[in-house]
Amino acid sequence: MFQMLLDGLAVVFQPGTFLMTLLAIVMGTVFGALPGVSATMAVALGLPFTYSMDPVSAIVFLVAIYCSSITGGSIAAILFKIPGVPSSAPTTFDGYPMAQRGEAGKALGVALVCSAIGGLVSALAMFFLSPQLTQAALSFGPSEMFAITFMGLSILTSLDADNILRTTISGVLGLLLATVGQDPMYGVQRLTFGSNQLLSGIEMIPVLIGIFAITEVLQQTVSDDRLTAEDAEKAGASSLDTTMPTIKEWLSIKWVILRCSILGTIVGILPGAGATIASFLCYSTETKLSKYPEKFGTGIIDGIAASETANNAATGGAMVPLLSLGIPGGNAAAVMMSALVLKGVQLGPLLLINQPQYLSATFVSMIITNIVMVFVAMAIAKAFAKILSVPYSILGPVIIMLATIGSYATNMSTMDVKIMAIAGIMGILFRVMHFNSAALILGLVLGSICEGNFSRAYTIYRADVGAMFMRPVAGVIMVVCIVALISPFVGPVLKKKFGKNKEKA
Amino acid sequence: MFELILNVLLFLFLVYAAIFNVLEAPVPDKVERNPYALQPGVWPTVLIVMLLVLIGFNIVKILKEKKGKDDFCFSSFLKGIPAFFKGKLFVGMLLVVIASVILEPLGYMVTCFFLLFTYAILLGDKNIVRNIIVSLALTLFLYLFFGVLLKVNLPRGTVPALRNFALWLESILP
């Protein structure tokens, strides 16, 4: 093991490879911070740089882009309420309110350090437990996957505890939007209203950008207390240097970071899951476990820590099946896999036995990236924060254009831009109706995975829904979900009852 | 009142979707005959039924909450309509929709300039000359960043003159 580590260090610390790793960290962070440039796209944009590299240096370079792009997503999420990458969407819930309170520096500090910790923990897990973790993940069937996605959905009742009915409606609407297009099992056309462009379904990124970015700009258009240069200075540029969380605050979120590092890594390993589901799932779990769930979404560091630790922890997880079995855990891993295949690397279970330098180099690259990116991202965040001091009559339209290009660039489709515009207007209507945009996004993100796995499990267990959840892991997760779902309804009733009994006693 | 109307419209839309649009293509025979297959229409239908029930509850809740309030009547809602259409919010929404529609025929350059220029005016920028210069500069900057540096194929437009202009611009840039 020690020899493997030395081999990895020898590869990454070659001057050329090390410089390219630094370049990858800068590129990844900038791409991640740009709305619409997902981690997968960032890795794809880095592909041409690897053509002249040897395969090990190529994977080192791409891993650095991947990890730093996930971190970069938090910058735009906190400063502009635009998730740079989809997995940063839960970061906006608490990051943006903190920025508005003039605590952008603190929010970014938490996001970057937690990202680094999540990434480091998952890198360690990848290095030491790769074969075992892969075997465990492969034993997860559709019923376990359904249970995990359902667990992510259990956040619905706690996203807005005072407004459970409307939040649930929003979440179910998101689930319904995810069914537009072709059904995941048999390809039957559903809910397209005759539009061929909707056949491939509703993309998550345009809806995400529309409902967060466009809605916010539209809201600012009529707002009397629109962000001024002075507010911006207060929220962004000046506070970035001065206010980092205190040691007491760091200690208060230590268990959040630990739990989300572990959970994020596990979710990252699961094929088809990835950073977005990891961040939503961990945010939901922390909401349930917190002593003050009502404060989530109002701008507390716990929410940022949960989301950012988890999405970076998923990066190491995603590398586990790729390196151990040659199976890409997600889209970004698939791009990395194609880069290795282009170079004639034989991926599969024998890769780590015959060429362990791939694992060691990836591990060292992740360690370096996760440490260096904290400083790089802070510098880039400062540059981004300066943008906030631009007058809103320029900044507002530029945000709309960035959102437009971001939505378009996902599939080079103008239909996605129309979906973004509709989502933006829908966001305004949601505010009128007191619906919850975050719940809609949660439903949309998890919808197709939820349906696909339920459908597969239904067929495998011959339409016996009870048998689906008799498997130990799936059963335990479902019990936890049900408790989590009904606790907001039952909790107050029990409190009332016990309160009365106490009074009588 | 607007909240109630939106809820009722959503309810009616879902009823329409449930009746006419859940399944828009025939289910393959082997799927239909398989007793262990989850039929493609089941999942969305369950979700729609859930939504109808929940929205029904929500409508009742709104009626209970707002009953007896002075502004909760159809006439005051009708009175507010002209003000909404003259308001900045509606114009903002309209500009975003127009930009999303003209992006394909007119291309990136025209759409970007149009949106930057008109939205800045909506946000109160009264200096037209500066606005034109800033909009042009930003259009070019965003094009250079995304189109040239990140190699995103920004739409050139389908109108021949604008498409030729985009192609000419691409030919002179690195």
# chains A, B, ... in the order shown; residues from 1 in each chain; ligands from 1
call {"tool": "closest_atom_pairs", "arguments": {"of": "range 353-443 of chain A", "to": "range 260-282 of chain A", "cutoff": "12 Å", "atoms": "only C-alpha atoms", "output": "tab-separated table"}}
result
residue	atom	partner	partner_atom	distance
A:Ala438	CA	A:Phe280	CA	10.0
A:Ala439	CA	A:Phe280	CA	10.3
A:Ile441	CA	A:Phe280	CA	9.9
A:Leu442	CA	A:Phe280	CA	7.3
A:Gly443	CA	A:Phe280	CA	10.5
call {"tool": "residues_around", "arguments": {"residues": "range 456-467 of chain A", "least_positions_apart": "3", "cutoff": "10 Å", "atoms": "only C-alpha atoms", "output": "PyMOL selection string"}}
result
(chain A and resi 141-146+184-185+451-453+470-471+475) or (chain B and resi 34-38)
call {"tool": "write_last_selection", "arguments": {"atoms": "C-alpha atoms", "output": "PDB file, in the first residue's frame"}}
result
ATOM      1  CA  GLY A 141     -30.663  -4.131  -6.474  1.00  0.00           C
ATOM      2  CA  PRO A 142     -33.496  -1.944  -7.800  1.00  0.00           C
ATOM      3  CA  SER A 143     -35.452  -2.191  -4.542  1.00  0.00           C
ATOM      4  CA  GLU A 144     -32.494  -0.808  -2.556  1.00  0.00           C
ATOM      5  CA  MET A 145     -31.985   1.929  -5.156  1.00  0.00           C
ATOM      6  CA  PHE A 146     -35.671   2.802  -5.006  1.00  0.00           C
ATOM      7  CA  PRO A 184     -37.883   4.477 -18.552  1.00  0.00           C
ATOM      8  CA  MET A 185     -38.672   0.774 -19.091  1.00  0.00           C
ATOM      9  CA  GLU A 451     -39.767   5.251 -11.194  1.00  0.00           C
ATOM     10  CA  GLY A 452     -37.174   3.227 -13.123  1.00  0.00           C
ATOM     11  CA  ASN A 453     -36.010   1.334 -10.048  1.00  0.00           C
ATOM     12  CA  MET A 470     -38.282  -7.676   2.571  1.00  0.00           C
ATOM     13  CA  ARG A 471     -34.613  -7.400   1.633  1.00  0.00           C
ATOM     14  CA  GLY A 475     -36.606  -2.695   4.380  1.00  0.00           C
TER      15      GLY A 475
ATOM     16  CA  ASN B  34     -47.075  -9.346 -18.876  1.00  0.00           C
ATOM     17  CA  PRO B  35     -48.839  -9.432 -15.485  1.00  0.00           C
ATOM     18  CA  TYR B  36     -45.578  -8.605 -13.714  1.00  0.00           C
ATOM     19  CA  ALA B  37     -44.769  -5.457 -15.695  1.00  0.00           C
ATOM     20  CA  LEU B  38     -45.626  -2.068 -14.253  1.00  0.00           C
TER      21      LEU B  38
END
call {"tool": "interface_residues", "arguments": {"of": "chain B", "to": "chain A", "cutoff": "7 Å", "atoms": "only C-alpha atoms", "output": "PyMOL selection string"}}
result
chain B and resi 3+21-25+27+36-38+40+44+47+51+54+88-89+92-93+96-97+100-101+103-104+112+115-116+119-120+123-125+152
call {"tool": "atom_distance", "arguments": {"atom1": "CA of Gly317 in chain A", "atom2": "CA of Ser130 in chain A"}}
result
8.8 Å
call {"tool": "residues_around", "arguments": {"residues": "Ser52 in chain A", "least_positions_apart": "2", "cutoff": "12 Å", "atoms": "only C-alpha atoms", "output": "number ranges by chain"}}
result
A: 16-17, 20, 47-50, 54-58, 61, 339, 342-343
call {"tool": "select_by_dssp", "arguments": {"residues": "range 3-154 of chain B", "states": "helix (DSSP H, G or I)", "output": "JSON, numbers by chain"}}
result
{"B": [3, 4, 5, 6, 7, 8, 9, 10, 11, 12, 13, 14, 15, 16, 17, 18, 19, 20, 21, 29, 30, 31, 32, 33, 42, 43, 44, 45, 46, 47, 48, 49, 50, 51, 52, 53, 54, 55, 56, 57, 58, 59, 60, 61, 62, 63, 64, 65, 66, 74, 75, 76, 77, 78, 79, 80, 81, 82, 83, 84, 85, 86, 88, 89, 90, 91, 92, 93, 94, 95, 96, 97, 98, 99, 100, 101, 102, 103, 104, 105, 106, 107, 108, 109, 110, 111, 112, 113, 114, 115, 116, 117, 118, 119, 120, 121, 122, 128, 129, 130, 131, 132, 133, 134, 135, 136, 137, 138, 139, 140, 141, 142, 143, 144, 145, 146, 147, 148, 149]}
call {"tool": "residues_around", "arguments": {"residues": "Val110 in chain A", "least_positions_apart": "4", "cutoff": "8 Å", "atoms": "only C-alpha atoms", "output": "PDB file with N, CA and C atoms, in the first residue's frame"}}
result
ATOM      1  N   LYS A 106     -18.322  33.795   4.972  1.00  0.00           N
ATOM      2  CA  LYS A 106     -18.490  32.658   5.872  1.00  0.00           C
ATOM      3  C   LYS A 106     -19.104  31.471   5.118  1.00  0.00           C
ATOM      4  N   CYS A 114     -15.685  22.319   3.600  1.00  0.00           N
ATOM      5  CA  CYS A 114     -16.470  21.078   3.668  1.00  0.00           C
ATOM      6  C   CYS A 114     -16.313  20.262   2.385  1.00  0.00           C
ATOM      7  N   MET A 244     -14.777  34.328   8.609  1.00  0.00           N
ATOM      8  CA  MET A 244     -14.790  32.874   8.436  1.00  0.00           C
ATOM      9  C   MET A 244     -15.447  32.305   9.695  1.00  0.00           C
ATOM     10  N   PRO A 245     -16.020  31.102   9.617  1.00  0.00           N
ATOM     11  CA  PRO A 245     -16.670  30.552  10.808  1.00  0.00           C
ATOM     12  C   PRO A 245     -15.684  30.386  11.963  1.00  0.00           C
ATOM     13  N   ILE A 301     -25.058  27.389   8.523  1.00  0.00           N
ATOM     14  CA  ILE A 301     -23.907  26.710   7.927  1.00  0.00           C
ATOM     15  C   ILE A 301     -24.116  25.194   7.841  1.00  0.00           C
ATOM     16  N   ILE A 304     -25.257  24.234   4.300  1.00  0.00           N
ATOM     17  CA  ILE A 304     -24.178  24.324   3.307  1.00  0.00           C
ATOM     18  C   ILE A 304     -23.209  23.161   3.502  1.00  0.00           C
ATOM     19  N   ALA A 305     -22.884  22.876   4.768  1.00  0.00           N
ATOM     20  CA  ALA A 305     -21.942  21.789   5.057  1.00  0.00           C
ATOM     21  C   ALA A 305     -22.486  20.457   4.542  1.00  0.00           C
TER      22      ALA A 305
END
call {"tool": "atom_distance", "arguments": {"atom1": "CA of Asn370 in chain A", "atom2": "CA of Leu129 in chain A"}}
result
19.2 Å
call {"tool": "closest_residue", "arguments": {"among": "B:Ile121, B:Ala99, B:Ala18, B:Val148", "to": "Val42 in chain B", "atoms": "only C-alpha atoms"}}
result
B:Ala18
